[in-house]
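For reference, final-v5.txt is printed below; it contains compact mmCIF, C-alpha atoms (C1' of nucleotides).
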# COMPACT_ATOMS: atom_id res chain seq x y z
CA MET G 36 19.41 13.05 -40.75
CA ALA G 37 16.96 13.93 -38.00
CA GLY G 38 14.07 13.49 -40.42
CA ARG G 39 11.50 16.21 -40.57
CA ARG G 40 8.84 13.55 -40.05
CA ALA G 41 10.21 12.15 -36.81
CA GLN G 42 10.69 15.62 -35.40
CA MET G 43 7.03 16.51 -35.93
CA VAL G 44 5.98 13.24 -34.33
CA GLU G 45 8.13 13.88 -31.30
CA GLU G 46 6.62 17.31 -30.97
CA THR G 47 3.09 15.94 -31.20
CA ARG G 48 3.75 13.28 -28.60
CA GLY G 49 5.25 15.87 -26.32
CA LYS G 50 2.24 18.17 -26.58
CA LEU G 51 -0.13 15.29 -25.91
CA VAL G 52 1.80 14.05 -22.90
CA GLN G 53 2.00 17.54 -21.45
CA ALA G 54 -1.74 18.12 -21.89
CA ALA G 55 -2.42 14.71 -20.38
CA ARG G 56 -0.26 15.46 -17.32
CA LYS G 57 -2.23 18.59 -16.70
CA ALA G 58 -5.63 16.96 -17.20
CA PHE G 59 -4.85 13.78 -15.26
CA ALA G 60 -3.43 15.78 -12.38
CA SER G 61 -6.30 18.20 -12.12
CA LYS G 62 -9.31 16.02 -12.96
CA GLY G 63 -8.01 12.54 -12.33
CA TYR G 64 -7.51 9.83 -14.90
CA ALA G 65 -11.14 8.66 -15.08
CA ALA G 66 -12.67 12.12 -15.33
CA ALA G 67 -10.20 13.39 -17.90
CA SER G 68 -11.74 13.52 -21.36
CA MET G 69 -9.65 12.58 -24.36
CA ASP G 70 -11.45 15.12 -26.50
CA ASP G 71 -10.65 17.93 -24.10
CA LEU G 72 -7.08 16.74 -23.74
CA THR G 73 -6.32 16.70 -27.40
CA ALA G 74 -8.21 19.90 -28.09
CA GLU G 75 -6.08 21.72 -25.54
CA ALA G 76 -3.03 20.39 -27.33
CA GLY G 77 -4.44 21.65 -30.64
CA LEU G 78 -5.01 18.12 -31.91
CA THR G 79 -7.72 15.46 -32.05
CA ARG G 80 -8.17 11.97 -30.64
CA GLY G 81 -6.83 10.60 -33.91
CA ALA G 82 -3.31 11.69 -33.00
CA LEU G 83 -3.70 10.22 -29.56
CA TYR G 84 -4.80 6.76 -30.65
CA HIS G 85 -2.22 6.69 -33.40
CA ASN G 86 0.63 7.47 -31.03
CA PHE G 87 -0.40 5.80 -27.80
CA GLY G 88 -2.93 3.13 -28.73
CA ASP G 89 -5.44 3.87 -26.00
CA LYS G 90 -6.03 5.90 -22.88
CA LYS G 91 -3.95 3.57 -20.73
CA GLY G 92 -1.10 3.92 -23.19
CA LEU G 93 -1.18 7.67 -22.74
CA LEU G 94 -1.16 7.31 -18.96
CA LYS G 95 1.81 4.98 -19.29
CA ALA G 96 3.68 7.58 -21.32
CA VAL G 97 2.89 10.28 -18.76
CA ILE G 98 4.07 8.06 -15.93
CA ASP G 99 7.28 7.20 -17.73
CA GLN G 100 8.04 10.88 -18.15
CA ILE G 101 7.33 11.81 -14.54
CA ASP G 102 9.22 8.81 -13.29
CA ALA G 103 12.27 9.79 -15.30
CA GLU G 104 12.16 13.24 -13.72
CA ILE G 105 11.88 11.74 -10.25
CA LEU G 106 14.77 9.41 -10.95
CA ASP G 107 16.91 12.34 -12.07
CA HIS G 108 16.05 14.31 -8.97
CA LEU G 109 16.78 11.43 -6.62
CA ARG G 110 20.11 10.74 -8.31
CA GLY G 111 21.08 14.33 -7.67
CA VAL G 112 20.11 14.05 -4.02
CA GLN G 113 22.18 10.95 -3.48
CA ALA G 114 25.12 12.44 -5.32
CA ARG G 115 25.15 15.39 -2.90
CA ALA G 116 25.11 13.14 0.17
CA ALA G 117 28.27 12.52 2.16
CA THR G 118 27.87 8.76 2.41
CA GLU G 119 25.79 6.14 0.68
CA TRP G 120 23.91 5.53 3.91
CA GLU G 121 22.96 9.18 4.25
CA GLY G 122 22.17 9.24 0.55
CA LEU G 123 19.67 6.44 0.99
CA LEU G 124 17.96 8.33 3.79
CA ALA G 125 18.03 11.61 1.90
CA GLU G 126 16.61 9.96 -1.19
CA ASN G 127 13.60 8.63 0.65
CA ILE G 128 12.94 11.90 2.41
CA ALA G 129 13.20 13.66 -0.92
CA PHE G 130 10.71 11.15 -2.20
CA ILE G 131 8.30 12.15 0.54
CA GLU G 132 8.62 15.77 -0.47
CA LEU G 133 8.09 14.95 -4.13
CA ALA G 134 5.03 12.90 -3.30
CA LEU G 135 3.41 16.01 -1.86
CA ASP G 136 3.17 17.44 -5.35
CA PRO G 137 -0.48 16.96 -6.33
CA GLU G 138 0.53 15.95 -9.83
CA ILE G 139 2.83 13.19 -8.66
CA GLN G 140 0.42 12.09 -5.97
CA ARG G 141 -2.62 11.86 -8.18
CA ILE G 142 -0.99 10.31 -11.23
CA MET G 143 1.81 8.20 -9.78
CA LEU G 144 0.38 7.12 -6.44
CA LEU G 145 -3.37 6.97 -6.89
CA ASP G 146 -4.49 6.52 -10.48
CA GLY G 147 -1.34 4.83 -11.73
CA PRO G 148 -1.49 1.75 -9.51
CA ALA G 149 -5.27 1.49 -9.92
CA VAL G 150 -5.12 1.55 -13.71
CA LEU G 151 -1.78 -0.05 -14.53
CA GLY G 152 -1.28 -2.33 -11.54
CA ASP G 153 1.49 -2.49 -8.97
CA PRO G 154 4.32 0.00 -9.60
CA SER G 155 6.96 -2.69 -9.20
CA GLN G 156 5.89 -3.87 -12.64
CA TRP G 157 6.54 -0.51 -14.29
CA PRO G 158 9.92 -0.38 -16.06
CA ASN G 159 11.13 2.89 -14.56
CA GLN G 160 9.70 2.37 -11.11
CA ASN G 161 11.59 -0.85 -11.18
CA ALA G 162 14.68 1.19 -11.90
CA CYS G 163 13.91 3.45 -8.94
CA LEU G 164 13.35 0.57 -6.56
CA ARG G 165 16.35 -1.24 -7.99
CA ARG G 166 18.50 1.77 -7.14
CA ALA G 167 17.43 1.48 -3.53
CA THR G 168 17.86 -2.28 -3.62
CA VAL G 169 21.40 -2.00 -4.93
CA THR G 170 22.28 0.68 -2.41
CA ILE G 171 20.97 -1.45 0.43
CA GLN G 172 22.89 -4.48 -0.84
CA THR G 173 26.04 -2.38 -0.95
CA LEU G 174 25.51 -1.19 2.61
CA ILE G 175 24.95 -4.77 3.72
CA ASP G 176 28.23 -5.82 2.08
CA ASN G 177 29.87 -2.82 3.74
CA GLY G 178 28.67 -4.06 7.06
CA THR G 179 26.99 -0.69 7.55
CA ILE G 180 23.57 -2.19 8.01
CA HIS G 181 22.04 -5.43 9.16
CA PRO G 182 21.84 -8.29 6.60
CA MET G 183 18.38 -8.82 5.16
CA ASP G 184 16.57 -9.20 1.88
CA PRO G 185 17.46 -5.98 0.06
CA GLU G 186 14.46 -6.07 -2.25
CA ALA G 187 12.00 -6.42 0.61
CA ALA G 188 13.73 -3.69 2.56
CA ALA G 189 13.67 -1.32 -0.41
CA ARG G 190 10.01 -1.97 -1.02
CA LEU G 191 9.08 -1.45 2.62
CA LEU G 192 11.08 1.75 2.85
CA ASN G 193 9.52 3.08 -0.31
CA GLY G 194 6.07 2.10 0.85
CA ALA G 195 6.53 3.82 4.17
CA ALA G 196 7.75 7.00 2.48
CA LEU G 197 4.85 6.87 0.06
CA ASN G 198 2.26 6.53 2.78
CA ALA G 199 3.93 9.18 4.84
CA ALA G 200 3.39 11.55 1.94
CA LEU G 201 -0.24 10.54 1.53
CA TRP G 202 -0.76 11.03 5.23
CA ILE G 203 0.77 14.47 5.17
CA ALA G 204 -1.25 15.52 2.15
CA ALA G 205 -4.50 14.36 3.75
CA ALA G 206 -3.73 15.98 7.10
CA ASP G 207 -5.55 19.05 8.34
CA ASP G 208 -2.32 21.01 8.56
CA PRO G 209 0.22 19.56 6.10
CA PRO G 210 3.12 21.91 6.93
CA ALA G 211 2.82 21.02 10.61
CA THR G 212 2.53 17.33 9.88
CA MET G 213 5.54 17.14 7.62
CA PRO G 214 8.31 17.25 10.26
CA LYS G 215 6.57 14.65 12.41
CA ALA G 216 6.30 12.31 9.45
CA VAL G 217 9.92 12.84 8.45
CA GLU G 218 11.13 12.25 11.98
CA ALA G 219 9.10 9.08 12.26
CA PHE G 220 10.39 7.93 8.92
CA GLN G 221 13.96 8.46 9.98
CA HIS G 222 13.36 6.36 13.07
CA LEU G 223 11.82 3.73 10.86
CA ALA G 224 14.64 3.67 8.33
CA LYS G 225 17.39 3.60 10.95
CA GLY G 226 15.53 0.99 12.93
CA LEU G 227 14.87 -1.23 9.98
CA LEU G 228 18.39 -1.23 8.64
CA ARG G 229 20.42 -1.11 11.83
CA ALA G 230 18.38 -3.25 14.21
CA PRO G 231 19.97 -6.53 15.28
CA ALA G 232 18.38 -9.80 14.18
CA MET L 192 -42.03 -2.99 14.83
CA ALA L 193 -39.31 -4.06 12.42
CA GLY L 194 -41.48 -2.78 9.58
CA ARG L 195 -41.91 -5.01 6.61
CA ARG L 196 -40.75 -2.11 4.48
CA ALA L 197 -37.40 -1.57 6.17
CA GLN L 198 -36.65 -5.28 6.08
CA MET L 199 -37.08 -5.45 2.32
CA VAL L 200 -34.87 -2.42 1.90
CA GLU L 201 -32.13 -3.95 3.99
CA GLU L 202 -32.32 -7.10 1.90
CA THR L 203 -32.09 -5.13 -1.34
CA ARG L 204 -29.09 -3.16 -0.15
CA GLY L 205 -27.41 -6.37 0.94
CA LYS L 206 -27.87 -8.01 -2.43
CA LEU L 207 -26.56 -4.97 -4.25
CA VAL L 208 -23.49 -4.65 -2.04
CA GLN L 209 -22.71 -8.32 -2.41
CA ALA L 210 -23.02 -8.19 -6.20
CA ALA L 211 -20.88 -5.05 -6.23
CA ARG L 212 -18.16 -6.70 -4.16
CA LYS L 213 -17.97 -9.52 -6.64
CA ALA L 214 -17.97 -7.28 -9.69
CA PHE L 215 -15.54 -4.68 -8.32
CA ALA L 216 -13.16 -7.40 -7.20
CA SER L 217 -13.15 -9.32 -10.45
CA LYS L 218 -13.41 -6.55 -13.04
CA GLY L 219 -12.24 -3.52 -11.12
CA TYR L 220 -14.33 -0.49 -10.26
CA ALA L 221 -14.08 1.28 -13.61
CA ALA L 222 -14.84 -1.76 -15.74
CA ALA L 223 -17.75 -2.93 -13.61
CA SER L 224 -21.08 -2.17 -15.26
CA MET L 225 -24.00 -1.03 -13.13
CA ASP L 226 -26.43 -2.80 -15.42
CA ASP L 227 -24.62 -6.12 -15.03
CA LEU L 228 -24.26 -5.60 -11.28
CA THR L 229 -27.89 -5.02 -10.62
CA ALA L 230 -29.03 -7.69 -13.08
CA GLU L 231 -26.97 -10.29 -11.22
CA ALA L 232 -28.68 -9.16 -8.03
CA GLY L 233 -32.06 -9.55 -9.73
CA LEU L 234 -32.66 -5.78 -9.71
CA THR L 235 -32.17 -2.73 -11.93
CA ARG L 236 -30.14 0.45 -11.74
CA GLY L 237 -33.16 2.17 -10.27
CA ALA L 238 -32.67 0.37 -6.96
CA LEU L 239 -29.02 1.25 -6.99
CA TYR L 240 -29.42 4.97 -7.53
CA HIS L 241 -32.26 5.11 -5.06
CA ASN L 242 -30.24 3.46 -2.28
CA PHE L 243 -26.71 4.66 -2.91
CA GLY L 244 -26.99 7.83 -4.95
CA ASP L 245 -24.31 6.99 -7.49
CA LYS L 246 -21.54 4.56 -8.33
CA LYS L 247 -19.15 6.05 -5.79
CA GLY L 248 -21.82 5.68 -3.11
CA LEU L 249 -22.03 1.99 -3.84
CA LEU L 250 -18.26 1.64 -3.64
CA LYS L 251 -18.33 3.45 -0.32
CA ALA L 252 -20.90 0.99 1.01
CA VAL L 253 -18.81 -1.95 -0.18
CA ILE L 254 -15.71 -0.53 1.44
CA ASP L 255 -17.51 0.08 4.71
CA GLN L 256 -18.62 -3.53 4.80
CA ILE L 257 -15.20 -4.98 4.00
CA ASP L 258 -13.55 -2.61 6.44
CA ALA L 259 -15.85 -3.71 9.22
CA GLU L 260 -14.91 -7.34 8.54
CA ILE L 261 -11.23 -6.49 8.60
CA LEU L 262 -11.65 -4.61 11.85
CA ASP L 263 -13.39 -7.59 13.41
CA HIS L 264 -10.65 -9.92 12.27
CA LEU L 265 -7.86 -7.72 13.56
CA ARG L 266 -9.57 -7.29 16.91
CA GLY L 267 -9.64 -11.07 17.24
CA VAL L 268 -5.95 -11.32 16.41
CA GLN L 269 -4.96 -8.78 19.00
CA ALA L 270 -7.21 -10.41 21.60
CA ARG L 271 -5.39 -13.71 21.14
CA ALA L 272 -1.95 -12.13 21.56
CA ALA L 273 -0.07 -12.46 24.82
CA THR L 274 0.91 -8.81 25.15
CA GLU L 275 -0.19 -5.60 23.51
CA TRP L 276 3.19 -5.30 21.86
CA GLU L 277 2.91 -8.70 20.26
CA GLY L 278 -0.68 -7.92 19.42
CA LEU L 279 0.41 -4.86 17.47
CA LEU L 280 2.90 -6.94 15.51
CA ALA L 281 0.43 -9.75 14.94
CA GLU L 282 -2.22 -7.31 13.76
CA ASN L 283 -0.02 -5.84 11.11
CA ILE L 284 1.16 -9.22 9.88
CA ALA L 285 -2.45 -10.34 9.75
CA PHE L 286 -3.11 -7.21 7.73
CA ILE L 287 -0.46 -8.29 5.24
CA GLU L 288 -2.13 -11.65 4.87
CA LEU L 289 -5.54 -10.08 4.44
CA ALA L 290 -4.19 -7.71 1.81
CA LEU L 291 -3.24 -10.70 -0.32
CA ASP L 292 -6.91 -11.42 -0.87
CA PRO L 293 -7.59 -10.14 -4.39
CA GLU L 294 -10.92 -8.70 -3.29
CA ILE L 295 -9.39 -6.63 -0.51
CA GLN L 296 -6.42 -5.66 -2.60
CA ARG L 297 -8.37 -4.51 -5.62
CA ILE L 298 -11.18 -2.73 -3.79
CA MET L 299 -9.55 -1.42 -0.63
CA LEU L 300 -6.00 -0.77 -1.74
CA LEU L 301 -6.19 0.12 -5.42
CA ASP L 302 -9.58 1.39 -6.54
CA GLY L 303 -10.68 2.73 -3.17
CA PRO L 304 -7.95 5.33 -2.72
CA ALA L 305 -8.08 6.30 -6.40
CA VAL L 306 -11.83 6.92 -6.36
CA LEU L 307 -12.53 8.06 -2.81
CA GLY L 308 -9.21 9.60 -1.83
CA ASP L 309 -6.82 8.81 0.98
CA PRO L 310 -8.06 6.02 3.30
CA SER L 311 -7.31 8.09 6.39
CA GLN L 312 -10.42 10.06 5.49
CA TRP L 313 -12.69 6.98 5.50
CA PRO L 314 -14.61 6.61 8.77
CA ASN L 315 -13.75 2.97 9.39
CA GLN L 316 -10.20 3.11 8.18
CA ASN L 317 -9.79 5.90 10.63
CA ALA L 318 -11.01 3.51 13.28
CA CYS L 319 -8.48 0.93 12.18
CA LEU L 320 -5.60 3.37 12.20
CA ARG L 321 -6.83 4.86 15.45
CA ARG L 322 -6.68 1.43 17.04
CA ALA L 323 -3.00 1.19 16.10
CA THR L 324 -2.44 4.76 17.21
CA VAL L 325 -3.96 4.11 20.62
CA THR L 326 -2.01 0.89 21.04
CA ILE L 327 1.24 2.64 20.20
CA GLN L 328 0.45 5.45 22.62
CA THR L 329 -0.21 2.89 25.34
CA LEU L 330 3.09 1.17 24.66
CA ILE L 331 4.86 4.50 24.78
CA ASP L 332 3.28 5.26 28.16
CA ASN L 333 4.28 1.77 29.26
CA GLY L 334 7.85 2.53 28.34
CA THR L 335 7.79 -0.52 26.09
CA ILE L 336 8.67 1.45 23.00
CA HIS L 337 10.48 4.62 22.12
CA PRO L 338 8.50 7.88 22.43
CA MET L 339 7.35 9.30 19.10
CA ASP L 340 4.30 10.61 17.32
CA PRO L 341 1.87 7.69 17.57
CA GLU L 342 -0.22 8.73 14.60
CA ALA L 343 2.77 8.99 12.29
CA ALA L 344 4.11 5.67 13.53
CA ALA L 345 0.78 3.95 12.98
CA ARG L 346 0.48 5.34 9.50
CA LEU L 347 4.02 4.31 8.56
CA LEU L 348 3.55 0.82 9.93
CA ASN L 349 0.30 0.41 8.12
CA GLY L 350 1.79 1.75 4.90
CA ALA L 351 4.71 -0.62 5.11
CA ALA L 352 2.42 -3.58 5.69
CA LEU L 353 0.22 -2.48 2.83
CA ASN L 354 3.08 -2.22 0.40
CA ALA L 355 4.55 -5.46 1.59
CA ALA L 356 1.31 -7.11 0.57
CA LEU L 357 1.28 -5.40 -2.81
CA TRP L 358 4.86 -6.47 -3.36
CA ILE L 359 4.11 -10.06 -2.49
CA ALA L 360 1.07 -10.14 -4.74
CA ALA L 361 3.01 -8.72 -7.68
CA ALA L 362 5.98 -11.02 -7.16
CA ASP L 363 6.75 -13.92 -9.49
CA ASP L 364 6.42 -16.44 -6.69
CA PRO L 365 4.15 -15.02 -3.97
CA PRO L 366 4.38 -17.98 -1.55
CA ALA L 367 8.17 -17.78 -1.60
CA THR L 368 8.12 -14.01 -1.23
CA MET L 369 5.76 -13.95 1.72
CA PRO L 370 8.19 -15.02 4.47
CA LYS L 371 10.86 -12.61 3.27
CA ALA L 372 8.39 -9.76 3.40
CA VAL L 373 7.11 -10.74 6.82
CA GLU L 374 10.61 -11.04 8.20
CA ALA L 375 11.59 -7.68 6.80
CA PHE L 376 8.43 -6.16 8.20
CA GLN L 377 9.19 -7.52 11.66
CA HIS L 378 12.63 -5.95 11.49
CA LEU L 379 11.01 -2.72 10.44
CA ALA L 380 8.40 -2.71 13.17
CA LYS L 381 10.83 -3.62 15.92
CA GLY L 382 13.35 -1.15 14.63
CA LEU L 383 10.87 1.68 14.33
CA LEU L 384 9.40 1.29 17.75
CA ARG L 385 12.35 0.21 19.79
CA ALA L 386 15.20 2.15 18.23
CA PRO L 387 16.80 4.79 20.44
CA ALA L 388 16.49 8.41 19.43
C1' DA A 222 12.09 16.52 -60.32
C1' DA A 223 8.16 13.59 -60.56
C1' DT A 224 5.45 9.89 -58.94
C1' DG A 225 3.87 6.23 -56.17
C1' DA A 226 3.80 4.56 -51.42
C1' DT A 227 3.71 5.38 -46.63
C1' DC A 228 2.40 7.48 -42.61
C1' DA A 229 0.67 10.88 -39.30
C1' DC A 230 -3.34 12.74 -38.18
C1' DA A 231 -8.43 14.17 -38.81
C1' DT A 232 -13.20 12.83 -39.42
C1' DA A 233 -17.21 9.94 -38.85
C1' DC A 234 -19.55 6.24 -36.65
C1' DG A 235 -21.22 2.79 -33.28
C1' DC A 236 -21.57 1.20 -28.78
C1' DG A 237 -21.75 1.04 -24.02
C1' DA A 238 -22.33 3.22 -19.53
C1' DC A 239 -23.70 6.70 -16.34
C1' DG A 240 -27.15 9.68 -14.42
C1' DT A 241 -31.94 11.59 -14.40
C1' DA A 242 -36.73 12.07 -15.08
C1' DT A 243 -40.85 9.79 -15.04
C1' DG A 244 -44.01 5.99 -14.05
C1' DT A 245 -46.00 2.24 -11.10
C1' DC A 246 -47.23 -0.60 -7.50
C1' DA A 247 -46.98 -2.03 -2.74
C1' DA A 248 -46.87 -0.52 2.13
C1' DC A 249 -48.12 2.64 5.78
C1' DA A 250 -51.34 6.31 7.97
C1' DA A 251 -55.77 8.11 9.18
C1' DT C 227 -61.02 2.30 2.81
C1' DT C 228 -58.56 5.88 0.78
C1' DG C 229 -54.94 9.13 0.24
C1' DT C 230 -49.98 9.33 0.66
C1' DT C 231 -45.44 8.02 0.84
C1' DG C 232 -41.67 5.66 -0.85
C1' DA C 233 -39.07 1.79 -3.09
C1' DC C 234 -37.99 0.32 -7.31
C1' DA C 235 -38.55 -0.13 -12.63
C1' DT C 236 -38.58 1.98 -17.15
C1' DA C 237 -37.28 5.32 -20.58
C1' DC C 238 -34.40 8.84 -22.18
C1' DG C 239 -30.52 11.99 -23.01
C1' DT C 240 -25.72 12.57 -22.98
C1' DC C 241 -21.04 11.70 -22.97
C1' DG C 242 -16.80 9.35 -23.80
C1' DC C 243 -14.09 5.62 -25.60
C1' DG C 244 -12.42 2.89 -29.46
C1' DT C 245 -12.46 1.85 -34.51
C1' DA C 246 -12.91 2.39 -39.32
C1' DT C 247 -12.21 5.31 -42.91
C1' DG C 248 -10.48 9.40 -45.31
C1' DT C 249 -6.79 12.91 -46.60
C1' DG C 250 -2.83 15.47 -47.23
C1' DA C 251 2.02 15.80 -46.34
C1' DT C 252 6.51 13.36 -46.42
C1' DC C 253 9.77 10.02 -47.90
C1' DA C 254 11.82 6.77 -51.31
C1' DT C 255 12.87 5.77 -56.00
C1' DT C 256 14.02 6.86 -60.65
Rendering of file as structure tokens:
Amino acid sequence: MAGRRAQMVEETRGKLVQAARKAFASKGYAAASMDDLTAEAGLTRGALYHNFGDKKGLLKAVIDQIDAEILDHLRGVQARAATEWEGLLAENIAFIELALDPEIQRIMLLDGPAVLGDPSQWPNQNACLRRATVTIQTLIDNGTIHPMDPEAAARLLNGAALNAALWIAAADDPPATMPKAVEAFQHLAKGLLRAPA
Amino acid sequence: MAGRRAQMVEETRGKLVQAARKAFASKGYAAASMDDLTAEAGLTRGALYHNFGDKKGLLKAVIDQIDAEILDHLRGVQARAATEWEGLLAENIAFIELALDPEIQRIMLLDGPAVLGDPSQWPNQNACLRRATVTIQTLIDNGTIHPMDPEAAARLLNGAALNAALWIAAADDPPATMPKAVEAFQHLAKGLLRAPA
DNA sequence: AATGATCACATACGCGACGTATGTCAACAA
DNA sequence: TTGTTGACATACGTCGCGTATGTGATCATT
């Protein structure tokens, strides 16, 4: 009982979200036209407003999709790590690499916060940060790292990784900048979590 | 020879920038209307386009002004510190406090990067980051802190402070969150800069 | 299977906002 | 004093969002 109706709807939403990802990434949220968006998807603004309410709603849907992909990727990275501690480090470095993708950078890191507010309020970003928070809490209980507020630590780590990515992307020579940023980030992460009180 | 003409111009630009600060801070860049802006300043859009070219130009002028104020403030903080090392710490913590100001947060941290691109490309933000970079380099030469890329370290520190502020502002109970964030940031800063290789 | 209701989407409209082109009046130069 | 420059106002065109309305396909019910 999939319902022919629901299947068509899902397809429509998918086409709209995909077209929006492309437009938002290339032109930016503000400069992206809804008419152009929907036309490229073979639809009109009617479908868009019916399914997503308004332009912000569409951006929200796009962000949810990208965030889910990021979450999947990061889970895989941590799963391949030898220890939880190394997994935490690997996750954040992977996050830096992901943030170099223009699509992720533009939509998730620049327009997203400006339009929808702080990422900690987004449901999935919360999930991402919560993963780090839980991991840090576990490592604190393990005695692996220094006791501290896990939520604050997760947020700071994430913020540092995020800005490292923005710095790399804005640099004159990104490939040359990357290793310096990663090295500095590793110092930062180890220092933050292992430093004595 | 101040020139009566130039004086009037300066006054006009000042009124426009001030009105823009207020509007951008309260409504956000996208939702702020140029007509309303200029009307509140007792002018029209003609003055605006003549002096600043377009809406982005006005935002740039606003950002330059705020950034200069921040720079002044941070200079004062570092001057009052006992050592350069403590000055660096104090500067970043002061930056966290400043970033809690809704005006600074909205304009400098959310809309600014989304509209004008990465802050490292802004002339004055460069100056701010360069200050931190130079300080870190000095401390490395001193042997006070661990050798590393000073630019990367400055950017990571700044990013962590920035996101700490965003986290605090988005928290349920900002006053209660503040000390936790500051404490975590101190751990981070000390750990980053003092940790052995 | 037929019919009425629902719903997904298209079409049409109004409104607001940006940017530009043109006009006007005061300030400077000669 | 007069011609010129330039700072700002006014008027216009255009575009893009959001809403209200229309339409045809799908689902439920008998």
Next item on the list: Just need the residues of chain A within 8 Å of chain G, counting all atoms listed in the file, so spit them out as a list in words.
Entry: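 Taken together, these residues fit the definition: DA229, DC230 and DA231 of chain A.
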Checklist line | Shell of 10 Å around A:DG237, only C-alpha atoms (C1' of nucleotides), local chain residues under 6 positions omitted, as a ChimeraX atom specification | finding: /L:224 /C:242-243
Next item on the list: Write down, as an MDAnalysis selection string, each residue of chain C that has any atom within 12 Å of an atom of chain G, counting all atoms listed in the file.
Entry: chainID C and resid 241:247 251:253
Checklist line | Atom pair atom CA of G:His108 / atom CA of G:Ala188: separation (Å) | finding: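 Taking atom CA of G:His108 and atom CA of G:Ala188, their separation equals 21.5 Å.
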Checklist line | Counting all atoms listed in the file, chain G residues within 6 Å of chain L, as a PyMOL selection string | finding: chain G and resi 145-146+149+187+191+194-195+198+216+222-223+226-227+230
Next item on the list: Please indicate the distance in Å from atom CA of G:Asp102 to atom CA of G:Ala58, rounded to one decimal place.
Entry: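 Between atom CA of G:Asp102 and atom CA of G:Ala58 the gap is 17.4 Å.
The spacing separating atom CA of G:Thr73 from atom CA of G:Ala55 amounts to 8.3 Å.
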